[in-house]
>>> print(open('model-v1.csv').read())   # CSV, C-alpha atoms
chain,number,residue,atom,x,y,z
C,1,MET,CA,-23.8,26.4,-42.0
C,2,ASN,CA,-21.6,24.0,-43.8
C,3,ALA,CA,-18.5,22.2,-42.5
C,4,ASN,CA,-16.0,24.6,-44.1
C,5,SER,CA,-17.6,27.7,-42.4
C,6,LEU,CA,-17.8,25.8,-39.1
C,7,ASP,CA,-14.0,25.1,-39.3
C,8,SER,CA,-13.2,28.7,-39.6
C,9,THR,CA,-15.1,29.9,-36.5
C,10,PRO,CA,-13.0,31.0,-33.5
C,11,MET,CA,-14.9,28.8,-31.1
C,12,TYR,CA,-14.2,25.7,-33.2
C,13,ARG,CA,-10.5,26.5,-33.5
C,14,ARG,CA,-10.3,27.0,-29.7
C,15,ARG,CA,-11.9,23.7,-29.1
C,16,ARG,CA,-9.6,21.9,-31.5
C,17,LEU,CA,-6.6,23.6,-29.8
C,18,SER,CA,-7.9,22.6,-26.3
C,19,ASN,CA,-8.4,19.0,-27.5
C,20,ALA,CA,-4.9,18.9,-29.0
C,21,MET,CA,-3.4,20.2,-25.8
C,22,GLY,CA,-5.3,17.7,-23.7
C,23,MET,CA,-4.3,14.8,-25.9
C,24,GLY,CA,-0.7,15.9,-25.9
C,25,LEU,CA,-0.6,16.3,-22.1
C,26,SER,CA,-2.2,12.9,-21.7
C,27,ALA,CA,0.2,11.2,-24.0
C,28,PHE,CA,3.1,13.0,-22.2
C,29,ALA,CA,1.9,11.7,-18.8
C,30,MET,CA,1.6,8.2,-20.2
C,31,VAL,CA,5.1,8.3,-21.6
C,32,ILE,CA,6.4,9.4,-18.2
C,33,GLY,CA,4.5,6.7,-16.4
C,34,LEU,CA,5.8,4.0,-18.8
C,35,PHE,CA,9.3,5.3,-18.6
C,36,ALA,CA,9.3,5.1,-14.8
C,37,LEU,CA,7.8,1.6,-14.8
C,38,GLY,CA,10.3,0.5,-17.4
C,39,TRP,CA,13.1,2.0,-15.4
C,40,ILE,CA,12.0,0.1,-12.2
C,41,LEU,CA,11.6,-3.2,-14.0
C,42,TRP,CA,15.0,-2.8,-15.7
C,43,THR,CA,16.7,-2.0,-12.4
C,44,LEU,CA,15.1,-5.0,-10.8
C,45,ILE,CA,16.0,-7.3,-13.7
C,46,SER,CA,19.6,-6.1,-14.0
C,47,GLU,CA,20.3,-6.1,-10.2
C,48,GLY,CA,18.1,-9.0,-9.1
C,49,PHE,CA,18.5,-11.7,-11.7
C,50,ALA,CA,22.2,-12.1,-10.8
C,51,ALA,CA,21.2,-13.3,-7.4
C,52,LEU,CA,18.6,-15.8,-8.6
C,53,ASN,CA,20.4,-19.2,-8.5
C,54,TRP,CA,19.8,-22.6,-7.1
C,55,ALA,CA,21.1,-21.6,-3.6
C,56,PHE,CA,18.7,-18.6,-3.5
C,57,PHE,CA,15.8,-21.0,-3.5
C,58,THR,CA,17.3,-23.8,-1.4
C,59,ALA,CA,19.4,-22.1,1.3
C,60,SER,CA,18.2,-20.1,4.3
C,61,THR,CA,19.2,-16.5,5.0
C,62,PRO,CA,22.9,-16.2,6.0
C,63,ALA,CA,24.3,-14.7,9.2
C,64,PRO,CA,25.7,-11.2,9.0
C,65,GLY,CA,28.9,-11.1,7.0
C,66,THR,CA,28.6,-14.7,5.9
C,67,PRO,CA,28.9,-15.2,2.1
C,68,GLY,CA,26.4,-17.3,0.2
C,69,GLY,CA,23.0,-18.2,1.5
C,70,GLY,CA,19.5,-17.7,0.0
C,71,MET,CA,15.9,-17.0,0.9
C,72,ALA,CA,14.3,-20.4,1.1
C,73,ASN,CA,13.0,-19.7,4.6
C,74,ALA,CA,11.5,-16.4,3.5
C,75,ILE,CA,10.0,-17.9,0.3
C,76,VAL,CA,8.3,-20.7,2.3
C,77,GLY,CA,7.2,-18.3,5.0
C,78,SER,CA,5.6,-16.0,2.4
C,79,LEU,CA,3.9,-18.9,0.7
C,80,LEU,CA,2.5,-20.2,3.9
C,81,MET,CA,1.1,-16.9,5.2
C,82,VAL,CA,-0.3,-15.8,1.9
C,83,GLY,CA,-1.8,-19.3,1.3
C,84,PHE,CA,-3.6,-19.3,4.6
C,85,ALA,CA,-4.7,-15.7,4.2
C,86,THR,CA,-6.1,-16.6,0.8
C,87,LEU,CA,-8.0,-19.6,2.3
C,88,VAL,CA,-9.6,-17.3,4.9
C,89,SER,CA,-10.3,-14.3,2.8
C,90,THR,CA,-11.7,-16.0,-0.3
C,91,PRO,CA,-14.8,-17.7,1.1
C,92,ILE,CA,-15.5,-14.7,3.5
C,93,GLY,CA,-15.1,-12.2,0.7
C,94,ILE,CA,-17.1,-14.1,-1.9
C,95,LEU,CA,-20.0,-14.8,0.6
C,96,ALA,CA,-20.0,-11.2,1.8
C,97,GLY,CA,-20.1,-10.0,-1.8
C,98,ILE,CA,-23.0,-12.3,-2.6
C,99,TYR,CA,-24.9,-11.0,0.4
C,100,LEU,CA,-24.4,-7.3,-0.6
C,101,ALA,CA,-25.3,-7.9,-4.2
C,102,GLU,CA,-28.2,-10.4,-3.9
C,103,PHE,CA,-29.8,-10.0,-0.4
C,104,GLY,CA,-28.9,-6.7,1.3
C,105,ALA,CA,-28.8,-4.3,-1.6
C,106,LYS,CA,-30.6,-1.5,0.3
C,107,SER,CA,-30.5,-2.6,3.9
C,108,ARG,CA,-28.8,-0.5,6.6
C,109,PHE,CA,-26.5,-3.4,7.5
C,110,ALA,CA,-25.4,-3.7,3.9
C,111,GLN,CA,-24.7,0.0,3.8
C,112,LEU,CA,-22.7,-0.3,7.0
C,113,THR,CA,-20.8,-3.2,5.5
C,114,ARG,CA,-19.9,-1.2,2.4
C,115,PHE,CA,-18.8,1.7,4.5
C,116,VAL,CA,-16.5,-0.5,6.6
C,117,THR,CA,-15.2,-2.2,3.5
C,118,ASP,CA,-14.3,1.1,1.9
C,119,ILE,CA,-12.5,2.1,5.1
C,120,MET,CA,-10.5,-1.1,5.1
C,121,LEU,CA,-9.6,-0.7,1.4
C,122,SER,CA,-8.2,2.8,2.0
C,123,ALA,CA,-6.6,2.1,5.5
C,124,PRO,CA,-2.8,2.0,5.5
C,125,SER,CA,-1.5,-1.6,6.0
C,126,ILE,CA,0.6,-0.6,9.0
C,127,VAL,CA,-2.6,0.3,10.8
C,128,ILE,CA,-4.0,-3.1,10.2
C,129,GLY,CA,-0.7,-4.6,11.4
C,130,LEU,CA,-0.8,-2.6,14.6
C,131,PHE,CA,-4.5,-3.7,15.1
C,132,VAL,CA,-3.5,-7.4,14.8
C,133,TYR,CA,-0.5,-6.8,17.0
C,134,ALA,CA,-2.7,-5.4,19.8
C,135,ILE,CA,-5.4,-8.1,19.4
C,136,VAL,CA,-3.3,-11.2,18.7
C,137,VAL,CA,0.4,-10.7,19.4
C,138,ALA,CA,0.1,-8.7,22.6
C,139,THR,CA,-2.5,-11.1,23.9
C,140,THR,CA,-0.6,-14.3,23.1
C,141,ARG,CA,2.8,-12.6,23.8
C,142,GLN,CA,4.2,-14.3,20.7
C,143,PHE,CA,5.0,-13.2,17.2
C,144,SER,CA,3.7,-15.9,14.8
C,145,GLY,CA,2.9,-16.8,11.2
C,146,TRP,CA,-0.8,-17.0,12.2
C,147,ALA,CA,-0.8,-13.4,13.3
C,148,GLY,CA,0.8,-12.5,9.9
C,149,SER,CA,-1.9,-14.5,8.1
C,150,ILE,CA,-4.7,-12.7,10.0
C,151,ALA,CA,-3.2,-9.3,9.1
C,152,LEU,CA,-2.9,-10.3,5.4
C,153,SER,CA,-6.5,-11.7,5.4
C,154,LEU,CA,-7.9,-8.3,6.7
C,155,ILE,CA,-6.2,-6.6,3.8
C,156,ALA,CA,-7.4,-9.1,1.2
C,157,ILE,CA,-11.0,-9.5,2.3
C,158,PRO,CA,-12.3,-6.0,1.3
C,159,VAL,CA,-10.7,-6.5,-2.2
C,160,VAL,CA,-12.6,-9.8,-2.7
C,161,VAL,CA,-15.8,-8.4,-1.3
C,162,ARG,CA,-15.8,-5.3,-3.6
C,163,THR,CA,-14.9,-7.3,-6.7
C,164,THR,CA,-17.5,-10.0,-6.1
C,165,GLU,CA,-20.3,-7.4,-5.5
C,166,ASN,CA,-19.3,-5.4,-8.6
C,167,MET,CA,-19.2,-8.5,-10.8
C,168,LEU,CA,-22.6,-9.7,-9.5
C,169,SER,CA,-24.2,-6.3,-10.1
C,170,LEU,CA,-23.3,-6.7,-13.8
C,171,VAL,CA,-25.4,-9.9,-14.2
C,172,PRO,CA,-28.7,-9.1,-15.9
C,173,GLY,CA,-31.9,-9.6,-13.9
C,174,SER,CA,-33.4,-11.7,-16.7
C,175,LEU,CA,-30.9,-14.5,-15.9
C,176,ARG,CA,-32.1,-14.6,-12.3
C,177,GLU,CA,-35.8,-14.5,-13.4
C,178,ALA,CA,-35.2,-17.4,-15.8
C,179,ALA,CA,-33.7,-19.5,-13.0
C,180,PHE,CA,-36.5,-18.6,-10.6
C,181,ALA,CA,-39.1,-19.5,-13.2
C,182,LEU,CA,-37.7,-23.0,-13.4
C,183,GLY,CA,-38.3,-23.4,-9.6
C,184,THR,CA,-34.6,-23.1,-8.6
C,185,PRO,CA,-34.1,-22.2,-5.0
C,186,ARG,CA,-32.5,-18.8,-4.4
C,187,TRP,CA,-29.4,-20.1,-2.8
C,188,LYS,CA,-28.8,-22.3,-5.8
C,189,VAL,CA,-29.5,-19.4,-8.2
C,190,ASN,CA,-26.8,-17.4,-6.4
C,191,LEU,CA,-24.2,-20.1,-6.4
C,192,ALA,CA,-24.9,-22.0,-9.6
C,193,VAL,CA,-26.2,-19.3,-11.9
C,194,THR,CA,-25.1,-15.7,-11.0
C,195,LEU,CA,-21.8,-16.6,-9.4
C,196,ARG,CA,-21.0,-19.0,-12.1
C,197,ALA,CA,-21.7,-16.4,-14.8
C,198,VAL,CA,-19.1,-14.0,-13.2
C,199,ARG,CA,-16.6,-16.6,-12.0
C,200,GLY,CA,-13.8,-15.1,-14.2
C,201,GLY,CA,-14.3,-11.7,-12.6
C,202,VAL,CA,-14.4,-13.1,-9.1
C,203,ILE,CA,-11.3,-15.2,-9.6
C,204,THR,CA,-9.7,-12.0,-10.9
C,205,GLY,CA,-10.5,-10.3,-7.7
C,206,VAL,CA,-9.0,-13.1,-5.7
C,207,LEU,CA,-5.8,-13.0,-7.8
C,208,LEU,CA,-5.5,-9.3,-7.4
C,209,ALA,CA,-5.9,-9.6,-3.6
C,210,ILE,CA,-3.1,-12.2,-3.6
C,211,ALA,CA,-0.9,-9.9,-5.7
C,212,ARG,CA,-1.5,-7.1,-3.2
C,213,ILE,CA,-0.8,-9.0,0.0
C,214,PHE,CA,2.2,-10.8,-1.4
C,215,GLY,CA,4.4,-7.7,-1.2
C,216,GLU,CA,3.1,-6.2,2.1
C,217,THR,CA,5.8,-5.5,4.6
C,218,ALA,CA,4.4,-3.2,7.3
C,219,PRO,CA,1.8,-5.6,8.8
C,220,LEU,CA,4.3,-8.4,9.0
C,221,LEU,CA,6.8,-6.4,10.9
C,222,PHE,CA,4.3,-6.2,13.8
C,223,THR,CA,2.9,-9.8,13.5
C,224,SER,CA,5.2,-12.5,12.1
C,225,LEU,CA,8.4,-10.5,12.7
C,226,SER,CA,11.1,-12.6,11.0
C,227,ASN,CA,13.2,-15.7,11.5
C,228,GLN,CA,16.8,-16.2,10.2
C,229,PHE,CA,16.3,-20.0,10.3
C,230,PHE,CA,13.9,-22.2,8.3
C,231,ASN,CA,10.6,-22.6,10.1
C,232,ALA,CA,7.4,-24.1,8.9
C,233,ASP,CA,5.6,-23.8,12.3
C,234,MET,CA,3.0,-21.1,11.9
C,235,GLY,CA,2.9,-20.7,15.7
C,236,LYS,CA,6.4,-19.2,15.8
C,237,PRO,CA,8.1,-16.1,14.3
C,238,MET,CA,8.4,-16.6,10.5
C,239,ALA,CA,10.4,-15.0,7.8
C,240,SER,CA,8.8,-13.5,4.8
C,241,LEU,CA,10.2,-12.1,1.5
C,242,PRO,CA,9.1,-8.4,2.1
C,243,VAL,CA,10.5,-8.2,5.6
C,244,VAL,CA,13.7,-9.9,4.7
C,245,ILE,CA,14.1,-7.6,1.7
C,246,TYR,CA,13.5,-4.6,4.0
C,247,ASN,CA,16.1,-5.8,6.6
C,248,PHE,CA,18.7,-6.8,4.0
C,249,ALA,CA,18.4,-3.6,1.9
C,250,LEU,CA,19.2,-1.5,5.0
C,251,SER,CA,22.2,-3.6,6.0
C,252,PRO,CA,25.9,-2.7,5.2
C,253,TYR,CA,26.7,-6.2,3.9
C,254,GLU,CA,26.9,-6.5,0.1
C,255,ASP,CA,25.8,-10.2,0.2
C,256,TRP,CA,22.6,-9.3,2.0
C,257,GLN,CA,22.0,-6.4,-0.4
C,258,ARG,CA,22.5,-8.8,-3.3
C,259,LEU,CA,19.9,-11.2,-1.8
C,260,ALA,CA,17.5,-8.2,-1.3
C,261,TRP,CA,17.7,-7.4,-5.0
C,262,GLY,CA,17.0,-11.0,-5.8
C,263,GLY,CA,14.0,-11.1,-3.5
C,264,ALA,CA,12.7,-7.8,-4.9
C,265,ALA,CA,13.0,-9.2,-8.5
C,266,LEU,CA,11.2,-12.5,-7.4
C,267,ILE,CA,8.3,-10.5,-5.9
C,268,ALA,CA,8.0,-8.3,-9.0
C,269,ILE,CA,8.0,-11.4,-11.3
C,270,ILE,CA,5.3,-13.1,-9.1
C,271,VAL,CA,3.1,-10.0,-8.9
C,272,LEU,CA,3.5,-9.4,-12.6
C,273,ALA,CA,2.5,-13.0,-13.5
C,274,ILE,CA,-0.5,-12.8,-11.2
C,275,ASN,CA,-1.7,-9.6,-12.8
C,276,ILE,CA,-1.2,-11.0,-16.3
C,277,VAL,CA,-3.3,-14.0,-15.4
C,278,ALA,CA,-5.9,-11.9,-13.8
C,279,ARG,CA,-6.2,-9.5,-16.8
C,280,THR,CA,-6.4,-12.5,-19.1
C,281,MET,CA,-9.2,-14.1,-17.1
C,282,PHE,CA,-11.1,-10.8,-16.9
C,283,ARG,CA,-11.8,-11.0,-20.6
C,284,ASP,CA,-14.5,-13.6,-19.8
C,285,ALA,CA,-16.2,-11.4,-17.2
C,286,PRO,CA,-19.5,-9.6,-18.1
C,287,ARG,CA,-19.3,-6.0,-19.1
C,288,ALA,CA,-21.6,-3.3,-18.1
>>> encode(input="model-v1.csv", output="structure tokens")
Amino acid sequence: MNANSLDSTPMYRRRRLSNAMGMGLSAFAMVIGLFALGWILWTLISEGFAALNWAFFTASTPAPGTPGGGMANAIVGSLLMVGFATLVSTPIGILAGIYLAEFGAKSRFAQLTRFVTDIMLSAPSIVIGLFVYAIVVATTRQFSGWAGSIALSLIAIPVVVRTTENMLSLVPGSLREAAFALGTPRWKVNLAVTLRAVRGGVITGVLLAIARIFGETAPLLFTSLSNQFFNADMGKPMASLPVVIYNFALSPYEDWQRLAWGGAALIAIIVLAINIVARTMFRDAPRA
């Protein structure tokens, strides 16, 4: 049967029609998604950029009904809590990913670890916030930046673990065998050979974890609470951009709502920049 006769068969025409419908629906869904994303970004830019000035980055949040002010205390609080959460989650996540990929591939403990990691990845952030509240805040009877960092760390760790394990699983076994043949110890093979080969993908996972926790609001409501004044003491209640945006957006004051738009635009810019950097670095990661 030649190509011309095949084109005329009813089955072929039905398949072509089904393929055209599928492609059309997929393109339509993509257009809707891009339209919604563009609408959100345009709203944030048009409403939020007007609030981004020098005072926004240098002044603390104002009192109710007071004009002016900024979000310096919230910006510093978010940077401190996200920074400490990153310092905690990065080594724990990378080392756990190395163990799952290199040492405990088929052990029961590794399977349990993967199961718990999957649960933490899918768990609502408010549940993690309530857990840290019960363990830390209720015990110490004090909201604090440290409690907020712990909650953010618990959200970031499973992201880093999964990314590290997946990246290491893409490293060919011949690379490990070549290192072992040279007499290299196993710990050095894991750190200097396999981990170095996928450093771009691992760093990408860390950056994506930072992008996720930077905009988390629910866990910080139960842990760090908030603070109207500038505070760099992690042992006390501390302001953060997501919580301040949440409180200001619900307020009846136009000045607070303007600052909330500016904070939302700032978070969107930071998260977008982190994702762009992560996607750029992912080009160097090995492919399956």
>>> closest_residue(input="model-v1.csv", among="C:Tyr246, C:Phe131, C:Phe180, C:Trp146", to="Leu259 of chain C", atoms="all atoms listed in the file")
C:Tyr246
>>> atom_distance(input="model-v1.csv", atom1="atom CA of Ala72 of chain C", atom2="atom CA of Leu208 of chain C")
24.2 Å
>>> residues_around(input="model-v1.csv", residues="Pro242 of chain C", least_positions_apart="3", cutoff="6 Å", atoms="all atoms listed in the file", output="list in words")
Gly215, Thr217 and Ile245 of chain C
>>> write_last_selection(input="model-v1.csv", atoms="C-alpha atoms", output="tab-separated table (two decimals), in the coordinates of the input")
chain	number	residue	atom	x	y	z
C	215	GLY	CA	4.40	-7.70	-1.20
C	217	THR	CA	5.80	-5.50	4.60
C	245	ILE	CA	14.10	-7.60	1.70
>>> atom_distance(input="model-v1.csv", atom1="atom CA of Ala278 of chain C", atom2="atom CA of Thr204 of chain C")
4.8 Å
>>> atom_distance(input="model-v1.csv", atom1="atom CA of Ser153 of chain C", atom2="atom CA of Leu37 of chain C")
28.1 Å
